[in-house]
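Beneath this line is the structure, given in structure tokens, with notes to follow.
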Amino acid sequence: MTARSGGDPGLPAVDLRTRARDLRELMDEPDCDPRTLDRTFRRFALVNALISGWRAAWRSHVAPALPVTGRGRVLDLGCGGGDLARSLVRWAAADGFELEVVGADPDERAIAAARRSTPAGVTFRQQSSAELVAAGERFDVVVSNHVLHHLGDEERDGFLADSAVLAGTRSLHSDIRRSPAAYRAYALASPLVAAGTFVRVDGLRSIRRSYTVPELQQVLPQGWRAEAAAPHRVLAIRDA
């Protein structure tokens, strides 16, 4: 599973046979440029709309897990700039649901970016999953996007354990599925949307840090399952 640059002569060959666990993303550095980080959070709305597959995940995994009353409460853990939380409320309204979405992230920079736009039904909190558990919070569905690959083993295990406690019906964590095809596609397309952001460099590093389906299944706790989804996605799912 070795991928080359996908046609970009400035991109070296990389080995995708194993996860690049020790590779850090620029936006995870506490002293990264705040203006570039802010532009990156803003650009995520476009990037996620193109590659994250959440519209399909809403219909296939989130909406069916909501109460039959049509009213529900969803938690977006590691919400970043908040685009998924806002999208979930919009899709829910279009499909006849009345949804409350809480976007939570321990990074104050992410929450500051998210709070620039807080439509009705959306709340953003600077909190970790552990803090939400300690506060006794409960939600129908707990989701995350592009969080799992950022976490070390202990962090991941704690994150999933907290998610299981917080979710009354279902936990759904979506991430990139590592493959040469995903790497080449992103290498080719990302320059179109990456100017002035960390989107290109960090996106390629994210793919290298991400899981295949068998890898994710191997590290998931009992009661969880890993599934492939399009395009180039891997899902971690737990039904209460």
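The way I read the labels, and the way they are meant: chains A, B, ... in the order of the structure tokens, residue 1 as the first residue of every chain, and ligand 1 as the first ligand shown, with later ones counted on from there.
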
Stretch 132-148 of chain A surroundings by only C-alpha atoms, 6 Å radius, close-in-sequence under 6 positions cut, as an MDAnalysis selection string: chainID A and resid 73:77 166:175

Can you list, as a ChimeraX atom specification, every residue of stretch 3-239 of chain A that DSSP puts in strand (DSSP E or B)? /A:3,14-15,71-77,98-104,122-125,139-145,167-177,211,224-229,233-239

What separates atom CA of A:Ala20 and atom CA of A:Arg209 is a distance of 4.8 Å

Name all residues at most 10 Å from A:Asp107 (count only C-alpha atoms; drop same-chain ones fewer than 6 positions away) and give them as a ChimeraX atom specification. /A:28,30,78-80,125-128

Given only C-alpha atoms as the basis, pick out the residue of A:Gly53, A:Gly72, A:Gly82, A:Pro119 nearest to A:Glu98.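 Under the stated criterion, the closest residue is A:Gly72.
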
Which distance in Å separates atom CA of A:Trp58 and atom CA of A:Ala92, to one decimal? 8.5 Å

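Straight-line separation from atom CA of A:Glu100 to atom CA of A:Gly121: 4.8 Å.
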
When you count only C-alpha atoms, which of these residues is closest to A:Val213: A:Arg200, A:His232, A:Arg71, A:Arg177?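 Selected residue with least distance to A:Val213: A:Arg177.
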
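Proximity of A:Phe198, A:Tyr186, A:Phe124, A:Phe97 to A:Ala63, computed with only C-alpha atoms, is greatest for A:Phe97.
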
Which residues come within 10 Å of A:Ala195, counting only C-alpha atoms, excluding same-chain residues fewer than 2 positions away, as a list in words? Thr36, Arg39, Thr40, Arg43, Ser190, Pro191, Leu192, Val193, Thr197, Phe198, Val199 and Arg200 of chain A

So, with only C-alpha atoms as the atoms that count, which of A:Ile237, A:Ile111, A:Ile176, A:Val219 lies closest to A:Ser163? A:Ile237
